[in-house]
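Structure file target01.txt (compact mmCIF, C-alpha atoms) follows.
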# COMPACT_ATOMS: atom_id res chain seq x y z
CA MET M 3 -12.87 -55.32 6.05
CA MET M 4 -16.46 -56.16 5.39
CA SER M 5 -17.99 -54.93 8.59
CA GLY M 6 -17.32 -51.26 7.93
CA ASP M 7 -18.70 -51.29 4.42
CA ASP M 8 -22.05 -52.77 5.24
CA ARG M 9 -23.38 -49.94 7.31
CA PRO M 10 -25.37 -47.32 5.45
CA VAL M 11 -23.58 -44.07 4.71
CA THR M 12 -24.51 -41.41 7.24
CA GLU M 13 -24.49 -37.65 7.17
CA THR M 14 -21.56 -37.84 9.58
CA ASP M 15 -19.71 -39.99 7.07
CA ILE M 16 -20.34 -37.38 4.41
CA GLN M 17 -18.97 -34.58 6.55
CA ALA M 18 -15.92 -36.65 7.45
CA PHE M 19 -15.49 -37.51 3.80
CA ILE M 20 -15.48 -33.84 2.85
CA ASP M 21 -12.88 -33.21 5.51
CA GLY M 22 -10.80 -36.15 4.35
CA ARG M 23 -11.12 -37.81 7.74
CA LEU M 24 -13.01 -40.91 6.86
CA ALA M 25 -11.34 -44.29 7.26
CA PRO M 26 -10.44 -45.69 3.84
CA GLN M 27 -13.05 -48.42 3.80
CA ARG M 28 -15.84 -46.08 4.77
CA ALA M 29 -14.58 -43.60 2.21
CA LYS M 30 -14.99 -46.27 -0.44
CA ALA M 31 -18.59 -46.71 0.61
CA VAL M 32 -19.16 -42.99 0.23
CA GLU M 33 -17.46 -42.97 -3.15
CA ARG M 34 -19.76 -45.75 -4.33
CA LEU M 35 -22.71 -43.70 -3.21
CA LEU M 36 -21.43 -40.64 -5.03
CA GLU M 37 -21.30 -42.53 -8.31
CA GLU M 38 -25.07 -42.73 -8.14
CA GLN M 39 -25.82 -39.43 -6.49
CA LEU M 40 -24.37 -36.83 -8.75
CA HIS M 41 -25.86 -33.85 -6.95
CA LEU M 42 -24.19 -35.02 -3.76
CA HIS M 43 -20.96 -35.38 -5.63
CA ALA M 44 -21.27 -31.82 -6.87
CA ASP M 45 -22.08 -30.52 -3.40
CA ILE M 46 -19.07 -32.20 -1.90
CA ALA M 47 -16.79 -30.79 -4.56
CA LYS M 48 -18.19 -27.37 -3.80
CA ASP M 49 -17.81 -27.83 -0.07
CA ARG M 50 -14.19 -28.71 -0.54
CA GLU M 51 -13.57 -25.75 -2.74
CA ILE M 52 -15.21 -23.47 -0.18
CA ALA M 53 -13.05 -25.00 2.53
CA ASN M 54 -9.92 -24.32 0.52
CA ARG M 55 -10.87 -20.77 -0.18
CA LEU M 56 -11.79 -20.13 3.40
CA ARG M 57 -8.43 -21.38 4.55
CA ALA M 58 -6.69 -19.32 1.91
CA GLU M 59 -8.51 -16.18 3.02
CA LEU M 60 -7.84 -16.70 6.70
CA ASP M 61 -4.33 -18.09 6.66
CA PRO M 62 -2.49 -14.84 5.97
CA ILE M 63 -3.45 -13.39 9.33
CA ALA M 64 -1.77 -16.30 11.07
CA ARG M 65 1.44 -15.49 9.26
CA GLU M 66 1.55 -11.85 10.22
CA PRO M 67 3.92 -10.72 12.96
CA LEU M 68 2.23 -10.65 16.33
CA PRO M 69 1.31 -7.16 17.48
CA TYR M 70 2.90 -5.97 20.68
CA ARG M 71 -0.17 -6.46 22.75
CA LEU M 72 -0.29 -10.15 21.92
CA GLN M 73 3.28 -10.90 22.86
CA ILE M 74 4.02 -12.86 25.96
CA PRO M 75 7.21 -11.83 27.67
CA PRO M 76 9.58 -14.74 28.12
CA ALA M 77 9.37 -16.44 31.48
CA PRO M 78 11.58 -18.98 33.15
CA GLU M 79 10.88 -22.42 34.43
CA ARG M 80 10.64 -21.43 38.02
CA SER M 81 8.62 -23.08 40.68
CA GLY M 82 5.09 -24.40 40.41
CA PRO M 83 2.58 -23.59 37.72
CA LEU M 84 0.93 -21.01 39.91
CA ARG M 85 4.08 -19.03 40.18
CA LEU M 86 4.61 -19.29 36.50
CA ALA M 87 1.08 -18.15 35.74
CA GLY M 88 1.57 -15.18 38.03
CA THR M 89 4.77 -14.27 36.34
CA LEU M 90 3.35 -14.48 32.86
CA ALA M 91 0.19 -12.71 33.81
CA ALA M 92 2.13 -9.90 35.40
CA GLY M 93 4.29 -9.63 32.35
CA LEU M 94 1.39 -9.64 29.97
CA ALA M 95 -0.52 -7.19 32.14
CA LEU M 96 2.34 -4.76 31.78
CA PHE M 97 2.11 -4.93 28.04
CA VAL M 98 -1.62 -4.73 28.23
CA LEU M 99 -1.70 -1.75 30.54
CA GLY M 100 1.16 -0.02 28.95
CA GLY M 101 1.08 -0.73 25.30
CA THR M 102 3.84 1.68 24.56
CA THR M 103 4.69 2.18 28.20
CA GLY M 104 5.73 -1.47 28.44
CA TRP M 105 9.07 -0.47 27.05
CA TYR M 106 9.39 2.29 29.57
CA ALA M 107 8.40 0.05 32.44
CA ALA M 108 10.92 -2.54 31.42
CA HIS M 109 13.63 0.05 31.66
CA ARG M 110 12.78 1.13 35.12
CA VAL M 111 13.95 -1.95 36.88
CA ASP M 112 15.92 -0.24 39.57
CA ASN M 113 12.75 1.45 40.64
CA VAL M 114 10.91 -1.76 40.77
CA THR M 115 7.47 -2.57 41.82
CA ALA M 116 6.98 -6.27 42.31
CA PRO M 117 5.50 -7.25 38.95
CA GLN M 118 8.13 -5.37 37.03
CA ALA M 119 10.86 -7.09 38.96
CA THR M 120 9.19 -10.38 38.30
CA MET M 121 8.93 -9.73 34.63
CA ALA M 122 12.52 -8.69 34.21
CA LEU M 123 13.70 -11.63 36.23
CA ALA M 124 11.42 -13.91 34.30
CA ALA M 125 13.14 -12.86 31.12
CA LEU M 126 16.65 -13.34 32.48
CA PRO M 127 17.35 -16.99 31.62
CA GLY M 128 15.71 -16.70 28.21
CA ASP M 129 17.60 -13.55 27.30
CA ALA M 130 20.81 -15.13 28.49
CA ALA M 131 20.19 -18.24 26.42
CA VAL M 132 19.50 -16.16 23.33
CA ALA M 133 22.70 -14.23 23.85
CA TYR M 134 24.58 -17.45 24.36
CA ARG M 135 23.24 -18.93 21.15
CA THR M 136 24.09 -15.80 19.25
CA TYR M 137 27.66 -15.39 20.33
CA ALA M 138 28.96 -18.76 21.55
CA VAL M 139 29.11 -19.97 17.96
CA GLU M 140 31.11 -16.96 16.80
CA VAL M 141 34.56 -17.90 15.65
CA ARG M 142 36.02 -14.56 14.73
CA HIS M 143 34.10 -12.13 16.90
CA PRO M 144 32.83 -13.93 19.96
CA VAL M 145 33.53 -10.89 22.13
CA GLU M 146 33.87 -7.15 21.79
CA VAL M 147 36.60 -6.79 24.34
CA ASP M 148 39.24 -9.43 24.56
CA ALA M 149 40.39 -11.11 27.75
CA SER M 150 43.72 -9.34 27.41
CA GLU M 151 41.88 -6.14 28.29
CA ALA M 152 40.01 -7.61 31.22
CA ALA M 153 40.47 -4.56 33.40
CA HIS M 154 39.04 -2.31 30.72
CA LEU M 155 36.20 -4.75 30.14
CA SER M 156 35.30 -4.73 33.78
CA ALA M 157 35.39 -0.94 34.01
CA TRP M 158 33.41 -0.47 30.83
CA LEU M 159 30.65 -2.92 31.78
CA SER M 160 30.50 -1.48 35.30
CA LYS M 161 29.90 1.94 33.89
CA ARG M 162 27.33 0.91 31.33
CA ILE M 163 25.36 -1.55 33.41
CA GLY M 164 25.63 0.44 36.60
CA GLY M 165 27.42 -1.39 39.41
CA THR M 166 30.74 -3.01 39.90
CA VAL M 167 31.20 -5.85 37.47
CA SER M 168 33.87 -8.23 38.57
CA ILE M 169 35.04 -10.93 36.27
CA PRO M 170 35.11 -14.36 37.86
CA ASP M 171 38.07 -16.62 37.28
CA LEU M 172 36.96 -20.06 36.18
CA SER M 173 40.38 -21.37 35.24
CA LYS M 174 40.34 -23.86 38.10
CA SER M 175 37.39 -25.44 36.37
CA GLY M 176 39.25 -25.42 33.07
CA PHE M 177 37.52 -22.43 31.54
CA ALA M 178 39.54 -19.41 30.48
CA LEU M 179 38.07 -15.97 29.87
CA VAL M 180 37.64 -15.17 26.18
CA GLY M 181 36.33 -11.68 26.81
CA GLY M 182 33.00 -9.94 26.99
CA ARG M 183 30.52 -7.65 25.39
CA LEU M 184 27.74 -5.23 26.15
CA LEU M 185 24.25 -6.25 25.10
CA PRO M 186 20.88 -4.58 24.91
CA SER M 187 18.18 -6.33 26.85
CA SER M 188 14.57 -5.89 27.83
CA ALA M 189 15.77 -4.82 31.25
CA GLY M 190 18.47 -2.36 30.25
CA ALA M 191 22.09 -2.89 29.36
CA ALA M 192 23.44 -6.34 30.02
CA GLY M 193 26.90 -7.81 29.92
CA GLN M 194 28.08 -11.12 28.61
CA LEU M 195 31.34 -12.71 29.66
CA MET M 196 32.51 -15.67 27.67
CA TYR M 197 34.69 -18.54 28.79
CA GLU M 198 36.12 -21.42 26.88
CA ASN M 199 37.85 -24.65 27.82
CA PRO M 200 40.56 -26.42 25.84
CA ALA M 201 37.92 -28.69 24.28
CA GLY M 202 36.31 -25.60 22.75
CA GLU M 203 33.22 -25.70 24.95
CA ARG M 204 31.95 -22.28 25.83
CA VAL M 205 29.91 -20.92 28.66
CA THR M 206 28.69 -17.39 29.12
CA LEU M 207 27.93 -15.42 32.21
CA TYR M 208 25.15 -12.98 31.48
CA LEU M 209 24.50 -10.21 33.96
CA ARG M 210 22.32 -7.21 34.37
CA LYS M 211 20.57 -5.15 36.98
CA GLU M 212 17.68 -6.91 38.62
CA GLY M 213 15.31 -5.33 41.07
CA GLY M 214 13.91 -7.19 43.99
CA GLU M 215 15.28 -9.74 46.35
CA GLN M 216 18.35 -11.84 46.03
CA MET M 217 17.51 -15.24 44.76
CA ALA M 218 19.22 -18.62 44.93
CA PHE M 219 20.08 -20.74 41.93
CA ARG M 220 17.41 -21.77 39.55
CA PHE M 221 17.76 -23.99 36.58
CA ALA M 222 16.36 -23.27 33.13
CA SER M 223 16.76 -25.07 29.88
CA GLU M 224 16.14 -23.58 26.45
CA GLY M 225 16.63 -26.26 23.87
CA ALA M 226 20.19 -27.47 24.10
CA VAL M 227 21.26 -24.52 26.21
CA ASN M 228 21.16 -25.10 29.94
CA GLY M 229 21.39 -22.28 32.39
CA PHE M 230 21.60 -21.52 36.06
CA TYR M 231 20.45 -18.11 37.11
CA TRP M 232 20.38 -16.28 40.36
CA VAL M 233 20.21 -12.79 41.76
CA GLY M 234 23.15 -11.57 43.80
CA SER M 235 23.70 -8.33 45.63
CA ASN M 236 24.50 -6.31 42.50
CA PHE M 237 23.11 -8.11 39.52
CA GLY M 238 21.04 -10.91 38.20
CA TYR M 239 23.26 -13.56 36.64
CA ALA M 240 22.71 -16.39 34.24
CA LEU M 241 25.40 -18.91 33.43
CA SER M 242 24.56 -20.59 30.15
CA GLY M 243 26.15 -23.36 28.19
CA GLU M 244 25.59 -26.53 26.28
CA LEU M 245 26.90 -28.53 29.19
CA SER M 246 25.21 -31.07 31.38
CA ARG M 247 23.31 -29.69 34.29
CA ASP M 248 25.85 -31.06 36.75
CA ARG M 249 28.86 -29.57 35.04
CA LEU M 250 27.13 -26.27 34.64
CA PHE M 251 26.08 -26.30 38.26
CA ALA M 252 29.68 -26.77 39.36
CA LEU M 253 30.65 -23.75 37.26
CA ALA M 254 27.73 -21.74 38.58
CA LYS M 255 28.80 -22.44 42.15
CA ALA M 256 32.36 -21.44 41.36
CA THR M 257 31.08 -18.23 39.81
CA TYR M 258 28.76 -17.47 42.65
CA ASN M 259 31.47 -18.06 45.23
CA GLN M 260 33.68 -15.47 43.63
CA LEU M 261 31.00 -12.88 43.10
CA ASP M 262 28.74 -12.87 46.08
CA ALA M 263 30.04 -15.19 48.72
CA LYS M 264 33.03 -13.06 49.48
CA MET C 27 2.00 -29.75 40.28
CA PRO C 28 5.06 -29.29 42.40
CA SER C 29 8.73 -29.14 42.10
CA LYS C 30 11.40 -30.58 39.96
CA PRO C 31 10.61 -32.57 36.86
CA GLU C 32 7.80 -30.28 35.75
CA LYS C 33 10.12 -27.38 35.37
CA LEU C 34 11.21 -28.36 31.94
CA GLY C 35 7.69 -29.28 30.96
CA LEU C 36 6.47 -25.88 31.96
CA ALA C 37 8.97 -24.21 29.75
CA ALA C 38 7.50 -26.12 26.84
CA SER C 39 3.99 -25.08 27.78
CA LYS C 40 4.85 -21.43 27.88
CA ARG C 41 6.36 -21.64 24.46
CA ASP C 42 3.35 -23.60 23.34
CA ILE C 43 1.01 -20.78 24.25
CA GLU C 44 3.04 -18.50 22.06
CA THR C 45 3.00 -20.89 19.15
CA HIS C 46 -0.80 -20.97 19.23
CA ILE C 47 -1.31 -17.22 19.13
CA PRO C 48 -1.28 -16.95 15.32
CA ALA C 49 -4.00 -19.59 15.04
CA LEU C 50 -5.98 -17.94 17.81
CA ARG C 51 -5.85 -14.70 15.86
CA ARG C 52 -7.04 -16.43 12.75
CA PHE C 53 -9.93 -18.01 14.63
CA ALA C 54 -10.85 -14.75 16.35
CA TYR C 55 -10.78 -12.89 13.07
CA GLY C 56 -12.99 -15.49 11.47
CA LEU C 57 -15.41 -15.26 14.38
CA THR C 58 -15.63 -11.51 14.61
CA GLY C 59 -14.89 -10.49 11.04
CA ASP C 60 -12.84 -7.62 12.40
CA ARG C 61 -9.12 -7.51 13.01
CA ASP C 62 -9.14 -5.25 16.04
CA GLU C 63 -12.02 -6.99 17.64
CA GLY C 64 -10.36 -10.29 16.93
CA ASP C 65 -7.12 -9.20 18.55
CA ASP C 66 -9.04 -7.88 21.55
CA LEU C 67 -10.52 -11.30 21.90
CA VAL C 68 -7.13 -13.00 21.64
CA GLN C 69 -5.68 -10.64 24.20
CA ASP C 70 -8.50 -11.38 26.63
CA ALA C 71 -8.08 -15.08 26.01
CA LEU C 72 -4.35 -14.95 26.67
CA GLU C 73 -4.85 -13.08 29.90
CA ARG C 74 -7.43 -15.56 31.00
CA ALA C 75 -5.29 -18.53 30.02
CA LEU C 76 -2.36 -17.15 31.96
CA SER C 77 -4.36 -16.27 35.03
CA ARG C 78 -5.97 -19.72 35.01
CA TRP C 79 -2.88 -21.61 34.15
CA HIS C 80 -3.31 -23.66 37.30
CA LEU C 81 -6.52 -25.07 35.81
CA PHE C 82 -4.74 -26.44 32.81
CA ILE C 83 -4.35 -30.16 33.25
CA PRO C 84 -0.81 -31.17 32.41
CA GLY C 85 -0.72 -33.74 29.68
CA ARG C 86 -3.85 -32.42 28.03
CA LYS C 87 -3.54 -30.69 24.72
CA LEU C 88 -2.99 -27.01 25.10
CA ARG C 89 -4.43 -25.93 21.79
CA PRO C 90 -8.07 -26.96 22.36
CA TRP C 91 -7.89 -25.49 25.84
CA LEU C 92 -6.84 -22.11 24.50
CA PHE C 93 -9.47 -22.20 21.79
CA LYS C 94 -12.15 -23.07 24.30
CA ILE C 95 -11.18 -20.10 26.42
CA LEU C 96 -11.34 -17.80 23.45
CA TYR C 97 -14.60 -19.24 22.21
CA ASN C 98 -16.25 -18.90 25.61
CA LEU C 99 -15.16 -15.28 25.82
CA PHE C 100 -16.57 -14.65 22.39
CA VAL C 101 -19.91 -16.21 23.25
CA SER C 102 -20.30 -14.40 26.54
CA ALA C 103 -19.28 -11.08 25.05
CA ARG C 104 -21.87 -11.47 22.32
CA ARG C 105 -24.47 -12.36 24.87
CA LYS C 106 -23.73 -9.27 26.89
CA ASP C 107 -23.61 -6.93 24.00
CA SER C 108 -27.15 -6.89 22.71
CA ARG C 109 -26.26 -4.74 19.74
CA ARG C 110 -24.09 -7.56 18.65
CA ALA C 111 -27.05 -9.83 18.49
CA GLN C 112 -27.85 -7.88 15.39
CA HIS C 113 -25.71 -9.17 12.68
CA VAL C 114 -22.82 -6.91 11.78
CA PRO C 115 -21.52 -7.64 8.33
CA LEU C 116 -17.84 -7.87 7.66
CA GLU C 117 -16.53 -4.65 6.25
CA PRO C 118 -13.99 -5.43 3.61
CA GLU C 119 -12.26 -2.09 3.67
CA LYS C 120 -11.90 -2.17 7.42
CA GLY C 121 -11.32 -5.81 7.94
CA MET C 122 -9.28 -7.18 5.18
CA PRO C 123 -6.94 -5.07 3.14
CA ALA C 124 -3.85 -7.05 4.00
CA ILE C 125 -5.58 -10.27 3.23
CA ALA C 126 -7.16 -9.12 0.04
CA ALA C 127 -3.79 -8.07 -1.28
CA GLY C 128 -2.59 -11.65 -1.35
CA GLN C 129 -5.58 -12.99 -3.19
CA GLU C 130 -5.44 -14.22 -6.72
CA HIS C 131 -8.91 -13.16 -7.74
CA ALA C 132 -9.17 -9.59 -6.65
CA ALA C 133 -12.92 -9.45 -7.09
CA ASP C 134 -13.38 -12.54 -4.98
CA ALA C 135 -11.00 -11.46 -2.26
CA GLY C 136 -12.44 -12.12 1.15
CA LYS C 137 -15.63 -13.41 -0.34
CA MET C 138 -15.74 -16.57 1.70
CA LEU C 139 -15.22 -14.61 4.87
CA ARG C 140 -18.11 -12.36 4.01
CA LEU C 141 -20.29 -15.35 3.38
CA LEU C 142 -19.11 -16.99 6.56
CA ASP C 143 -20.05 -13.91 8.44
CA THR C 144 -23.66 -14.33 7.44
CA LEU C 145 -23.89 -17.70 9.18
CA PRO C 146 -25.30 -17.99 12.68
CA GLU C 147 -22.49 -17.84 15.19
CA ASP C 148 -22.67 -21.47 16.20
CA GLN C 149 -22.34 -22.64 12.61
CA ARG C 150 -19.61 -20.13 11.88
CA SER C 151 -17.51 -21.22 14.82
CA THR C 152 -18.01 -24.88 13.98
CA VAL C 153 -16.94 -24.38 10.38
CA LEU C 154 -13.90 -22.43 11.52
CA LEU C 155 -12.85 -24.99 14.10
CA VAL C 156 -13.21 -27.97 11.81
CA VAL C 157 -12.36 -26.61 8.40
CA VAL C 158 -9.80 -23.91 9.10
CA GLU C 159 -8.29 -25.00 12.41
CA GLY C 160 -8.49 -28.70 11.71
CA PHE C 161 -9.86 -29.77 15.07
CA SER C 162 -11.39 -33.22 15.29
CA TYR C 163 -15.14 -33.37 15.69
CA GLU C 164 -14.70 -34.46 19.30
CA GLU C 165 -12.39 -31.58 20.04
CA THR C 166 -14.76 -29.19 18.34
CA ALA C 167 -17.57 -30.54 20.49
CA ARG C 168 -15.53 -29.98 23.64
CA ILE C 169 -14.50 -26.50 22.61
CA SER C 170 -18.07 -25.54 21.77
CA GLY C 171 -19.51 -27.29 24.80
CA VAL C 172 -22.07 -29.26 22.79
CA PRO C 173 -22.50 -32.95 21.89
CA MET C 174 -20.78 -34.24 18.81
CA GLY C 175 -24.10 -34.71 17.04
CA THR C 176 -24.68 -30.99 17.36
CA VAL C 177 -21.28 -30.30 15.86
CA MET C 178 -22.07 -32.51 12.88
CA SER C 179 -25.38 -30.87 12.25
CA ARG C 180 -23.95 -27.37 12.58
CA LEU C 181 -21.23 -28.31 10.17
CA HIS C 182 -23.74 -29.74 7.77
CA ARG C 183 -26.02 -26.72 7.91
CA GLY C 184 -23.13 -24.29 7.78
CA ARG C 185 -21.74 -25.91 4.68
CA GLN C 186 -25.12 -26.04 3.05
CA GLN C 187 -25.60 -22.36 3.64
CA LEU C 188 -22.16 -21.44 2.34
CA ARG C 189 -22.68 -23.55 -0.72
CA THR C 190 -25.98 -21.89 -1.47
CA LEU C 191 -24.62 -18.41 -0.96
CA ALA C 192 -21.47 -19.09 -2.92
CA GLY C 193 -23.55 -20.39 -5.79
CA GLU C 194 -25.67 -17.28 -5.94
CA SER C 195 -23.33 -15.10 -7.92
CA PRO C 196 -20.77 -17.06 -9.94
CA PRO C 197 -21.48 -20.77 -10.12
CA ALA C 198 -18.28 -22.54 -9.25
CA ILE C 199 -19.10 -26.07 -10.18
CA ARG C 200 -18.39 -27.30 -13.65
CA ARG C 201 -16.41 -30.43 -13.25
CA VAL C 202 -19.01 -32.98 -12.31
CA LYS C 203 -18.76 -36.21 -14.15

Starting from the file, give its structure as structure tokens.
Amino acid sequence: MMSGDDRPVTETDIQAFIDGRLAPQRAKAVERLLEEQLHLHADIAKDREIANRLRAELDPIAREPLPYRLQIPPAPERSGPLRLAGTLAAGLALFVLGGTTGWYAAHRVDNVTAPQATMALAALPGDAAVAYRTYAVEVRHPVEVDASEAAHLSAWLSKRIGGTVSIPDLSKSGFALVGGRLLPSSAGAAGQLMYENPAGERVTLYLRKEGGEQMAFRFASEGAVNGFYWVGSNFGYALSGELSRDRLFALAKATYNQLDAK
Amino acid sequence: MPSKPEKLGLAASKRDIETHIPALRRFAYGLTGDRDEGDDLVQDALERALSRWHLFIPGRKLRPWLFKILYNLFVSARRKDSRRAQHVPLEPEKGMPAIAAGQEHAADAGKMLRLLDTLPEDQRSTVLLVVVEGFSYEETARISGVPMGTVMSRLHRGRQQLRTLAGESPPAIRRVK
């Protein structure tokens, strides 16, 4: 208690006092000093007012929406940091180079050059998780096309996404098809198939065209939503749900086995 | 920096970069006094941060790292561009319409920024880092690449200067005991 107060007040103390960062006992020492030194007191009041005004003048820019060129495309949790950096850099570079052509590039995934493929793939688990969060909570309109029209759903999605969309049967794992919908995505049209078990837990299978190589399972987690994603012969897929990693993995394997291991 | 457990951590880091972009813009605008120039700086900093992601030490704070990148870019750009060594005053009509609109005292809108812009760059950046961005003095020293004593003296001189300039037109201080 005493030790701190004995030392003379320093210029550093004054600065920290202005910034409200001085330990209470040192602050008391400064306050005692200010009672004698009125000019210092006035200066500090002024400094604080200037600080407040400066913050008030600069803060609005931090609340503005980010311009396109400062957006980072979503990327997955893939392998090491190097890979991730490459992915993000490639994605950002596209926006940087393109500005407006970024949109165009993102829509040309079947014509892929490597970085474009990487970017689209990088966005896959995040986009899938967003779609899951949006629709899995829907009570009345979780899907556009109901499971009773599964054949129509399959044909419609195939046509819109471009490629044969087959609907996996997860009933052996306790999940019944609810239905599906078409979604816009950064990489063209995407489809979402929704499944539900008797406990009301839902998982979605998100799919869209992905350029590039086939890719084995990868795991991604966005908040409470876990996902496994992979690239098969036709599409990139992401199975998302608020299930444990193990349960979701079992479902992902079942899905994969029906789609691409035929 | 290999395989499994980091995966989730990396996801957080990526999101963290995004969450710092607004503050980076604010800092860059304060440094340059120009919105476009500020955003250029942020864009360069983001590219550099992403391309050097492997240099980021996991467990360290991301925010000072990003600010250091941006600050270094700012300093080296100013060094290269000799015209910039000449002080370029903030142009209110170009730089700040959106900001001015939100101000209570229309006449005073952006005044502090204009005053700030008259400070030497090292003082300006120090004031911004400490006062606006809320970095500790140690962090500010690391970001600026100078000892903490230098930070304190820049802060002191910067504040002194602002106080003097602010007092020149309308005196703001009435409420001294």

Near Ala54 of chain C, within 8 Å and counting all atoms listed in the file, which residues show up once chain neighbours fewer than 5 positions away are dropped, as a PDB file with C-alpha atoms, in the coordinates of the input?
ATOM      1  CA  GLY C  59     -14.890 -10.490  11.040  1.00  0.00           C
ATOM      2  CA  GLU C  63     -12.020  -6.990  17.640  1.00  0.00           C
ATOM      3  CA  GLY C  64     -10.360 -10.290  16.930  1.00  0.00           C
ATOM      4  CA  ASP C  65      -7.120  -9.200  18.550  1.00  0.00           C
ATOM      5  CA  LEU C  67     -10.520 -11.300  21.900  1.00  0.00           C
ATOM      6  CA  VAL C  68      -7.130 -13.000  21.640  1.00  0.00           C
ATOM      7  CA  LEU C  96     -11.340 -17.800  23.450  1.00  0.00           C
TER       8      LEU C  96
END

Atom CA of Arg65 of chain M to atom CA of Leu142 of chain C: how many Å, to one decimal?
20.8 Å

Centre and size of axis-aligned box enclosing segment 80-89 of chain C plus 5 Å each side, as JSON:
{"center_x": -3.6, "center_y": -28.7, "center_z": 29.5, "size_x": 15.8, "size_y": 20.1, "size_z": 25.5}

Can you pull out every residue within 10 Å of segment 34-37 of chain M, counting all atoms listed in the file, but drop anything in the same chain fewer than 4 positions away, and send it as a list of chain:residue names?
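Once the nearby chain positions are removed, what remains is M:Pro10, M:Val11, M:Arg28, M:Ala29, M:Lys30, M:His41, M:Leu42, M:His43, M:Ala44, M:Ile46, C:Lys203.
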
Near Glu198 of chain M, counting only C-alpha atoms, which residues have an atom at most 12 Å away, once you skip same-chain residues fewer than 4 positions from it, shown as a PyMOL selection string?
chain M and resi 138-139+141+144-145+149+171-173+175-182+202-207+243-245+253

Output C-alpha atoms of each residue in that selection to a file, as a compact mmCIF listing (two decimals), keeping the file's coordinate frame.
# COMPACT_ATOMS: atom_id res chain seq x y z
CA ALA M 138 28.96 -18.76 21.55
CA VAL M 139 29.11 -19.97 17.96
CA VAL M 141 34.56 -17.90 15.65
CA PRO M 144 32.83 -13.93 19.96
CA VAL M 145 33.53 -10.89 22.13
CA ALA M 149 40.39 -11.11 27.75
CA ASP M 171 38.07 -16.62 37.28
CA LEU M 172 36.96 -20.06 36.18
CA SER M 173 40.38 -21.37 35.24
CA SER M 175 37.39 -25.44 36.37
CA GLY M 176 39.25 -25.42 33.07
CA PHE M 177 37.52 -22.43 31.54
CA ALA M 178 39.54 -19.41 30.48
CA LEU M 179 38.07 -15.97 29.87
CA VAL M 180 37.64 -15.17 26.18
CA GLY M 181 36.33 -11.68 26.81
CA GLY M 182 33.00 -9.94 26.99
CA GLY M 202 36.31 -25.60 22.75
CA GLU M 203 33.22 -25.70 24.95
CA ARG M 204 31.95 -22.28 25.83
CA VAL M 205 29.91 -20.92 28.66
CA THR M 206 28.69 -17.39 29.12
CA LEU M 207 27.93 -15.42 32.21
CA GLY M 243 26.15 -23.36 28.19
CA GLU M 244 25.59 -26.53 26.28
CA LEU M 245 26.90 -28.53 29.19
CA LEU M 253 30.65 -23.75 37.26

Choose the residue, out of C:Gln187, C:Thr176, C:Ser102, C:Ala49, that has the smallest atom-to-atom separation from Gly160 of chain C; count all atoms listed in the file.
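Ranked by minimum distance to Gly160 of chain C, first place goes to C:Ala49.
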
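When only C-alpha atoms are used to measure the gap to Lys137 of chain C, the shortest distance among C:Arg150, C:Leu99, C:Leu191, C:Leu88 belongs to C:Leu191.
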
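For the pair atom CA of Thr166 of chain C and atom CA of Ala58 of chain M, the interatomic distance is 20.8 Å.
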
Could you tell me how far atom CA of Glu194 of chain C lies from atom CA of Gly22 of chain M, in Å and to one decimal?
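Here the two named atoms are 26.1 Å from each other.
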
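Here the question is which of M:Asp45, M:Arg135, M:Gly128, M:Ser187 gets nearest to Gly193 of chain C using only C-alpha atoms, and that residue is M:Asp45.
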
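Using all atoms listed in the file for every distance, the candidate list M:Ala189, M:Ala226, M:Ile163, M:Ala252 yields M:Ala226 as the residue closest to chain C.
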
So, with all atoms listed in the file as the atoms that count, which of C:Val177, C:Val157, C:Leu141, C:Ala71 lies closest to chain M?
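The shortest atom-to-atom distance to chain M comes from C:Val157.
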
Residue with smallest distance to chain C - pool M:Glu151, M:Asp129, M:Glu224, M:Glu146, counting all atoms listed in the file
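Among the listed residues, the smallest separation from chain C belongs to M:Glu224.
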
Write out as a short mmCIF file (atom, residue, chain, number, x, y, z; two decimals) with C-alpha atoms, in the coordinates of the input the residues lying within 10 Å of Val147 of chain M, counting only C-alpha atoms and excluding same-chain residues fewer than 6 positions away.
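Contents of part-v1.cif, freshly written:
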data_model
loop_
_atom_site.label_atom_id
_atom_site.label_comp_id
_atom_site.auth_asym_id
_atom_site.auth_seq_id
_atom_site.Cartn_x
_atom_site.Cartn_y
_atom_site.Cartn_z
CA HIS M 154 39.04 -2.31 30.72
CA LEU M 155 36.20 -4.75 30.14
CA SER M 156 35.30 -4.73 33.78
CA TRP M 158 33.41 -0.47 30.83
CA VAL M 180 37.64 -15.17 26.18
CA GLY M 181 36.33 -11.68 26.81
CA GLY M 182 33.00 -9.94 26.99
CA ARG M 183 30.52 -7.65 25.39
CA LEU M 184 27.74 -5.23 26.15
CA LEU M 195 31.34 -12.71 29.66
#
